[in-house]
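Asks: Below is final20.cif; it holds mmCIF, C-alpha atoms and all ligand atoms.
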data_query
#
loop_
_atom_site.label_atom_id
_atom_site.label_comp_id
_atom_site.auth_asym_id
_atom_site.auth_seq_id
_atom_site.Cartn_x
_atom_site.Cartn_y
_atom_site.Cartn_z
CA MET A 255 -21.18 11.65 -5.18
CA THR A 256 -21.04 12.82 -1.62
CA LYS A 257 -19.69 16.31 -0.86
CA THR A 258 -17.78 15.12 2.20
CA ALA A 259 -15.18 13.39 0.01
CA LYS A 260 -13.94 16.85 -0.99
CA GLY A 261 -10.42 17.55 0.22
CA SER A 262 -9.69 13.91 1.09
CA LEU A 263 -7.23 11.70 -0.74
CA LEU A 264 -9.14 8.48 -0.27
CA TYR A 265 -12.73 8.28 0.85
CA LEU A 266 -14.64 5.07 1.48
CA ASP A 267 -18.20 5.31 2.70
CA GLY A 268 -20.67 2.50 3.34
CA VAL A 269 -18.65 0.06 1.26
CA SER A 270 -19.78 -3.57 1.25
CA VAL A 271 -18.87 -6.61 -0.80
CA ALA A 272 -20.06 -10.18 -0.41
CA PHE A 273 -18.54 -13.37 -1.81
CA ASP A 274 -21.14 -16.15 -2.09
CA GLY A 275 -23.30 -14.36 0.47
CA PHE A 276 -20.40 -13.83 2.94
CA LYS A 277 -19.78 -10.14 3.65
CA ALA A 278 -16.00 -9.73 3.44
CA ILE A 279 -16.45 -5.94 3.66
CA ASN A 280 -19.43 -4.73 5.62
CA ASN A 281 -20.41 -1.06 5.57
CA LEU A 282 -16.79 0.10 5.71
CA SER A 283 -16.03 3.81 5.96
CA LEU A 284 -12.55 5.28 6.03
CA VAL A 285 -11.05 8.66 5.13
CA LEU A 286 -7.40 9.32 4.35
CA GLU A 287 -6.20 12.93 4.23
CA PRO A 288 -3.71 14.08 1.58
CA GLY A 289 -0.17 13.42 2.80
CA GLU A 290 -1.33 11.03 5.50
CA MET A 291 0.22 7.64 6.31
CA ARG A 292 -2.24 5.17 7.86
CA ALA A 293 -1.65 1.74 9.32
CA ILE A 294 -4.37 -0.89 8.95
CA ILE A 295 -4.36 -3.78 11.36
CA GLY A 296 -6.81 -6.54 12.21
CA PRO A 297 -7.20 -10.30 12.53
CA ASN A 298 -6.90 -12.72 9.61
CA GLY A 299 -9.94 -12.49 7.39
CA ALA A 300 -10.82 -8.97 8.61
CA GLY A 301 -11.01 -7.72 5.03
CA LYS A 302 -7.72 -5.83 4.76
CA THR A 303 -6.71 -7.35 1.43
CA THR A 304 -10.24 -7.07 0.07
CA MET A 305 -10.25 -3.37 0.99
CA MET A 306 -7.04 -2.88 -1.01
CA ASP A 307 -8.57 -4.89 -3.87
CA ILE A 308 -11.54 -2.51 -3.90
CA VAL A 309 -9.33 0.59 -3.96
CA THR A 310 -7.20 -0.77 -6.82
CA GLY A 311 -10.21 -1.89 -8.87
CA LYS A 312 -9.50 -5.60 -8.60
CA THR A 313 -12.78 -6.14 -6.75
CA ARG A 314 -15.97 -4.15 -7.34
CA PRO A 315 -17.94 -3.27 -4.22
CA ASP A 316 -21.65 -4.17 -4.16
CA THR A 317 -22.48 -0.84 -2.54
CA GLY A 318 -20.77 2.29 -1.25
CA ASP A 319 -18.62 5.20 -2.38
CA VAL A 320 -14.90 4.85 -3.17
CA ILE A 321 -13.52 8.29 -4.07
CA PHE A 322 -9.90 9.19 -4.85
CA ASP A 323 -8.47 12.67 -4.64
CA GLY A 324 -11.78 14.17 -3.57
CA GLU A 325 -13.56 13.56 -6.86
CA VAL A 326 -12.64 10.42 -8.81
CA ASP A 327 -15.18 7.62 -8.43
CA LEU A 328 -12.87 4.58 -8.41
CA THR A 329 -15.77 2.14 -8.85
CA ARG A 330 -16.04 3.40 -12.43
CA HIS A 331 -12.42 2.61 -13.30
CA ASP A 332 -10.49 -0.60 -13.96
CA GLU A 333 -7.13 -1.62 -12.48
CA THR A 334 -5.04 -0.11 -15.29
CA ASP A 335 -6.85 3.23 -15.07
CA ILE A 336 -6.50 3.31 -11.30
CA ALA A 337 -2.75 2.68 -11.48
CA ALA A 338 -2.48 5.50 -14.04
CA LEU A 339 -4.49 7.79 -11.76
CA GLY A 340 -1.68 7.46 -9.20
CA ILE A 341 -2.45 4.53 -6.91
CA GLY A 342 0.46 2.09 -6.60
CA ARG A 343 0.28 -1.23 -4.79
CA LYS A 344 2.96 -3.43 -3.35
CA PHE A 345 1.94 -6.99 -2.69
CA GLN A 346 3.36 -9.00 0.18
CA LYS A 347 5.68 -11.12 -1.93
CA PRO A 348 8.39 -9.18 -3.80
CA THR A 349 8.15 -9.53 -7.57
CA VAL A 350 11.40 -7.92 -8.71
CA PHE A 351 13.21 -9.15 -11.82
CA GLU A 352 15.85 -11.32 -10.19
CA SER A 353 18.22 -11.57 -13.16
CA HIS A 354 18.31 -7.79 -13.68
CA THR A 355 20.39 -5.35 -11.70
CA VAL A 356 18.83 -3.10 -9.08
CA GLU A 357 19.22 -0.12 -11.40
CA ASP A 358 17.64 -1.97 -14.35
CA ASN A 359 14.65 -2.90 -12.23
CA LEU A 360 14.10 0.76 -11.44
CA GLU A 361 14.57 1.73 -15.05
CA LEU A 362 11.97 -0.82 -16.12
CA ALA A 363 9.57 0.68 -13.60
CA LEU A 364 10.20 4.14 -15.06
CA ASP A 365 9.57 2.66 -18.53
CA ARG A 366 6.23 1.29 -17.40
CA ARG A 367 5.21 4.81 -16.52
CA ARG A 368 6.38 6.10 -19.91
CA GLY A 369 4.55 3.48 -21.97
CA VAL A 370 5.77 1.12 -24.68
CA PHE A 371 6.02 3.53 -27.60
CA ALA A 372 8.14 6.11 -25.81
CA THR A 373 10.36 3.33 -24.50
CA LEU A 374 11.29 2.22 -28.03
CA PHE A 375 12.95 5.58 -28.63
CA TYR A 376 14.28 5.90 -25.16
CA ASP A 377 17.65 7.10 -24.06
CA GLN A 378 18.16 7.55 -20.32
CA THR A 379 17.79 11.24 -19.68
CA GLN A 380 19.43 13.29 -17.00
CA LYS A 381 16.03 13.58 -15.31
CA ASP A 382 15.63 9.79 -15.15
CA ARG A 383 19.16 9.34 -13.84
CA GLU A 384 18.37 11.79 -11.08
CA ALA A 385 15.10 10.02 -10.30
CA ILE A 386 16.91 6.67 -10.06
CA ASP A 387 19.62 8.17 -7.83
CA ARG A 388 16.96 9.59 -5.54
CA ILE A 389 15.07 6.31 -5.33
CA LEU A 390 18.27 4.34 -4.67
CA GLU A 391 19.03 6.73 -1.84
CA THR A 392 15.53 6.47 -0.34
CA THR A 393 15.51 2.68 -0.54
CA ARG A 394 19.03 2.31 0.93
CA LEU A 395 20.23 0.59 -2.25
CA THR A 396 22.79 3.03 -3.68
CA ALA A 397 25.69 0.69 -2.89
CA ARG A 398 23.84 -2.27 -4.50
CA ARG A 399 22.97 -0.41 -7.69
CA HIS A 400 24.84 -2.77 -10.07
CA GLU A 401 24.06 -5.94 -8.13
CA ARG A 402 21.65 -8.47 -9.57
CA ALA A 403 18.36 -8.35 -7.65
CA ALA A 404 18.72 -12.10 -6.98
CA ASN A 405 21.68 -11.30 -4.70
CA LEU A 406 19.73 -8.92 -2.45
CA SER A 407 18.45 -9.94 0.98
CA HIS A 408 14.70 -10.46 1.35
CA GLY A 409 14.40 -7.04 3.00
CA GLN A 410 16.35 -5.31 0.24
CA LYS A 411 14.12 -6.94 -2.38
CA GLN A 412 11.11 -5.47 -0.58
CA TRP A 413 12.79 -2.05 -0.60
CA LEU A 414 13.58 -2.39 -4.29
CA GLU A 415 9.97 -3.14 -5.00
CA ILE A 416 8.94 -0.08 -2.99
CA GLY A 417 11.45 1.81 -5.16
CA MET A 418 9.79 0.45 -8.30
CA LEU A 419 6.50 1.81 -7.02
CA LEU A 420 8.12 5.19 -6.34
CA ALA A 421 9.41 5.26 -9.92
CA GLN A 422 5.80 5.47 -11.01
CA ASN A 423 5.39 8.48 -8.71
CA PRO A 424 2.03 7.51 -7.24
CA LYS A 425 0.01 9.89 -5.06
CA LEU A 426 -1.01 6.95 -2.90
CA LEU A 427 1.02 3.84 -2.06
CA LEU A 428 -0.73 0.74 -0.74
CA VAL A 429 1.77 -1.50 0.99
CA ASP A 430 0.78 -5.01 2.09
CA GLU A 431 2.73 -6.55 5.01
CA PRO A 432 6.09 -5.04 4.06
CA VAL A 433 8.06 -6.44 7.00
CA ALA A 434 6.89 -10.07 6.95
CA GLY A 435 10.04 -12.20 6.91
CA MET A 436 12.41 -9.29 7.57
CA THR A 437 15.11 -9.20 10.24
CA ASP A 438 14.58 -6.84 13.18
CA ALA A 439 17.13 -4.40 11.76
CA GLU A 440 15.43 -4.44 8.34
CA THR A 441 12.04 -3.94 10.00
CA GLU A 442 13.29 -0.86 11.86
CA GLU A 443 14.86 0.51 8.69
CA THR A 444 11.60 -0.07 6.78
CA ALA A 445 9.68 2.04 9.31
CA ARG A 446 12.20 4.87 8.78
CA LEU A 447 12.06 4.44 5.02
CA LEU A 448 8.25 4.58 4.88
CA ARG A 449 8.21 7.64 7.11
CA GLU A 450 10.55 9.36 4.67
CA ILE A 451 8.36 8.33 1.72
CA ALA A 452 5.28 9.62 3.57
CA GLN A 453 6.78 13.12 3.53
CA ASN A 454 5.88 13.31 -0.17
CA HIS A 455 3.24 10.62 -0.68
CA SER A 456 0.16 9.28 1.04
CA VAL A 457 0.64 5.73 2.27
CA VAL A 458 -1.61 2.93 3.53
CA VAL A 459 0.27 0.11 5.25
CA VAL A 460 -1.34 -3.20 6.19
CA GLU A 461 0.73 -4.97 8.80
CA HIS A 462 0.46 -7.48 11.66
CA ASP A 463 3.80 -6.61 13.30
CA MET A 464 2.84 -4.34 16.22
CA GLY A 465 6.42 -3.27 16.95
CA PHE A 466 6.67 -2.01 13.39
CA VAL A 467 3.28 -0.25 13.59
CA ARG A 468 4.49 1.47 16.75
CA GLU A 469 7.63 2.65 14.92
CA LEU A 470 5.49 4.11 12.12
CA ASP A 471 3.84 6.31 14.75
CA VAL A 472 0.73 7.09 12.67
CA LYS A 473 -3.04 6.83 13.03
CA VAL A 474 -4.19 3.21 13.09
CA THR A 475 -7.42 1.73 11.75
CA VAL A 476 -8.43 -1.63 13.18
CA LEU A 477 -10.59 -3.75 10.87
CA ALA A 478 -12.62 -6.74 11.98
CA GLU A 479 -15.31 -8.63 10.09
CA GLY A 480 -15.15 -6.14 7.26
CA SER A 481 -15.78 -2.98 9.30
CA VAL A 482 -13.80 -0.44 11.30
CA LEU A 483 -13.58 -1.62 14.90
CA ALA A 484 -11.53 1.30 16.21
CA GLU A 485 -9.39 4.16 14.96
CA GLY A 486 -6.78 6.42 16.53
CA SER A 487 -3.25 6.24 17.91
CA LEU A 488 -1.84 2.76 18.52
CA ASP A 489 -2.10 3.37 22.28
CA HIS A 490 -5.72 4.42 21.90
CA VAL A 491 -6.79 1.38 19.86
CA SER A 492 -4.66 -1.01 21.96
CA ASN A 493 -6.69 -0.03 25.04
CA ASP A 494 -10.05 -0.42 23.30
CA SER A 495 -11.90 -3.37 24.82
CA LYS A 496 -13.39 -4.38 21.45
CA VAL A 497 -9.90 -4.47 19.90
CA ILE A 498 -8.50 -6.51 22.80
CA GLU A 499 -11.39 -8.96 22.53
CA ASN A 500 -11.35 -9.32 18.72
CA TYR A 501 -7.68 -9.06 17.94
CA LEU A 502 -4.95 -8.31 20.44
CA GLY A 503 -6.27 -10.61 23.15
CA ARG A 504 -6.41 -13.64 20.86
N1 LIG B 1 -12.49 -13.90 -3.92
C1 LIG B 1 -13.01 -14.34 -2.76
N2 LIG B 1 -13.96 -15.29 -2.75
C2 LIG B 1 -14.48 -15.74 -1.59
N3 LIG B 1 -14.12 -15.29 -0.37
C3 LIG B 1 -13.17 -14.34 -0.32
C4 LIG B 1 -12.56 -13.81 -1.51
N4 LIG B 1 -11.64 -12.88 -1.12
C5 LIG B 1 -11.69 -12.82 0.23
N5 LIG B 1 -12.60 -13.70 0.71
C6 LIG B 1 -12.94 -13.87 2.12
O1 LIG B 1 -13.19 -12.60 2.68
C7 LIG B 1 -12.68 -12.49 4.00
C8 LIG B 1 -11.71 -11.34 4.08
O2 LIG B 1 -10.48 -11.73 3.48
P1 LIG B 1 -9.20 -10.79 3.34
O3 LIG B 1 -8.18 -11.56 2.60
O4 LIG B 1 -9.61 -9.47 2.79
O5 LIG B 1 -8.76 -10.62 4.87
P2 LIG B 1 -7.39 -10.03 5.46
O6 LIG B 1 -7.79 -9.10 6.54
O7 LIG B 1 -6.57 -9.49 4.35
O8 LIG B 1 -6.71 -11.31 6.08
P3 LIG B 1 -5.12 -11.68 6.27
O9 LIG B 1 -4.65 -10.88 7.42
O10 LIG B 1 -5.20 -13.15 6.56
O11 LIG B 1 -4.45 -11.37 4.97
C9 LIG B 1 -12.05 -13.85 4.32
O12 LIG B 1 -12.99 -14.60 5.06
C10 LIG B 1 -11.82 -14.46 2.95
O13 LIG B 1 -11.86 -15.87 3.01
#
In structure tokens, how does this file's structure come out?
Ligand SMILES: Nc1ncnc2c1ncn2[C@@H]1O[C@H](COP(=O)(O)OP(=O)(O)OP(=O)(O)O)[C@@H](O)[C@H]1O
Replies:
Amino acid sequence: MTKTAKGSLLYLDGVSVAFDGFKAINNLSLVLEPGEMRAIIGPNGAGKTTMMDIVTGKTRPDTGDVIFDGEVDLTRHDETDIAALGIGRKFQKPTVFESHTVEDNLELALDRRRGVFATLFYDQTQKDREAIDRILETTRLTARRHERAANLSHGQKQWLEIGMLLAQNPKLLLVDEPVAGMTDAETEETARLLREIAQNHSVVVVEHDMGFVRELDVKVTVLAEGSVLAEGSLDHVSNDSKVIENYLGR
């Protein structure tokens, strides 16, 4: 394992993966510092989802280092292990339990962390109640606590699912296109919400909505054809001729 991963939260170096000879990820290197929020942008097919799949153990890279928390070689772990190590992922489409209340959804997420056996003998503790209160507050859902998830707006369902991730207290949250389909007001609120979450967690956000990425106000990595095309502030990458040619100018 390379020494340079030390001190980083997520370290990808020289990562490649090919599907039927097509390199979806091609010598990708990326370093996330502890406590950092990073936005990943790039054209369709750039490899953003595949990169997340590699980090979460869904896809094994053909080559390269994928190191979590400075020392854990993620290529040696499966998806369940990686979730338990503290990497939570939110997919684009919300998958909340529609017929359950908001609070029950969060409780189920806490249960998942606890495991099946403990859950059999489970009585909601003061600590859990506090955790749920905190998450409801963060996700702007306190007033909807007893509402069935089916009755939430699309944006609120996305926030609830982010809350379910928080219930598992991950060190790193991977969030895939959180604002797709949201209203402008929900999009703005989501940027605020993620910035709050990033005060205590590291976050990687994949998103196409440039207005939202601007609101996040974090370092941006532009992927194209499976590699990093540019990295820096949104203004910096937006003025990069390669980025304009491959992505923004399209
Ligand atoms: N399991 C697979 N088998 C074959 N090809 C795949 C597989 N997964 C991804 N690909 C291909 O790899 C490339 C990268 O896809 P990926 O979904 O990672 O891109 P993306 O940046 O997430 O795109 P989008 O913005 O459209 O979600 C695409 O050309 C895709 O067709």
Asks: Check which residues fall inside 12 Å of ligand LIG 1 (chain B) when counting only C-alpha atoms and all ligand atoms, and print them as a ChimeraX atom specification.
Replies: /A:270-280,294-308,312-315,345-346,430-431,434,459-463,476-482,501
Asks: Just give me the gap between CA of Lys473 in chain A and CA of Arg292 in chain A in Å, one decimal is fine.
Replies: 5.5 Å
Asks: Kindly indicate which residue among A:Gly268, A:Phe466, A:Arg383, A:Thr310 lies nearest to His331 in chain A, using all atoms listed in the file for the distances.
Replies: A:Thr310
Asks: Could you tell me how far CA of Thr475 in chain A sits from CA of Glu290 in chain A, in Å to one decimal place?
Replies: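 Going from CA of Glu290 in chain A over to CA of Thr475 in chain A covers 12.8 Å.
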Asks: For Leu263 in chain A, which of A:Leu286, A:Ala397, A:Leu470, A:Leu328 is the closest residue, counting only C-alpha atoms?
Replies: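 Checking each of A:Leu286, A:Ala397, A:Leu470, A:Leu328 against Leu263 in chain A, counting only C-alpha atoms, the winner is A:Leu286.
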Asks: Which residue gives the smallest distance to Gly409 in chain A among A:Asn359, A:Ser262, A:Gln453, A:Thr444, with all atoms listed in the file counted?
Replies: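 Smallest separation from Gly409 in chain A among the options: A:Thr444.
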Asks: Write out as a ChimeraX atom specification which residues come within 7 Å of Val356 in chain A when counting only C-alpha atoms, dropping same-chain ones fewer than 2 positions away.
Replies: /A:354,358-360,398-403
Asks: Which distance in Å separates CA of Thr396 in chain A and CA of Gly342 in chain A, to one decimal?
Replies: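 Answer for the CA of Thr396 in chain A to CA of Gly342 in chain A separation: 22.5 Å.
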Asks: Find the residue from A:Leu427, A:Leu420, A:Leu264, A:Ile386 that sits nearest to Glu325 in chain A; use all atoms listed in the file when measuring.
Replies: A:Leu264
Asks: I want to know what sits within 10 Å of Thr258 in chain A, based on only C-alpha atoms, with residues of the same chain fewer than 5 positions away left out; could you give that as a PyMOL selection string?
Replies: chain A and resi 265+267+285+324
Asks: May I have the selected residues written with C-alpha atoms, as a compact mmCIF listing (two decimals), in the coordinates of the input?
Replies:
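As a result, out-v2.txt now contains:
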# COMPACT_ATOMS: atom_id res chain seq x y z
CA TYR A 265 -12.73 8.28 0.85
CA ASP A 267 -18.20 5.31 2.70
CA VAL A 285 -11.05 8.66 5.13
CA GLY A 324 -11.78 14.17 -3.57
Asks: When distances are computed from all atoms listed in the file, which of A:Leu395, A:Val429, A:Met464, A:Gly435 shows the smallest separation from Leu448 in chain A?
Replies: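 Going through A:Leu395, A:Val429, A:Met464, A:Gly435 one by one, the smallest distance to Leu448 in chain A is for A:Val429.
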Asks: Quick one: of A:Arg330, A:Lys411, A:Arg394, A:Arg388, who's nearest to Glu352 in chain A, counting all atoms listed in the file?
Replies: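 Of the candidates, the smallest distance to Glu352 in chain A is held by A:Lys411.
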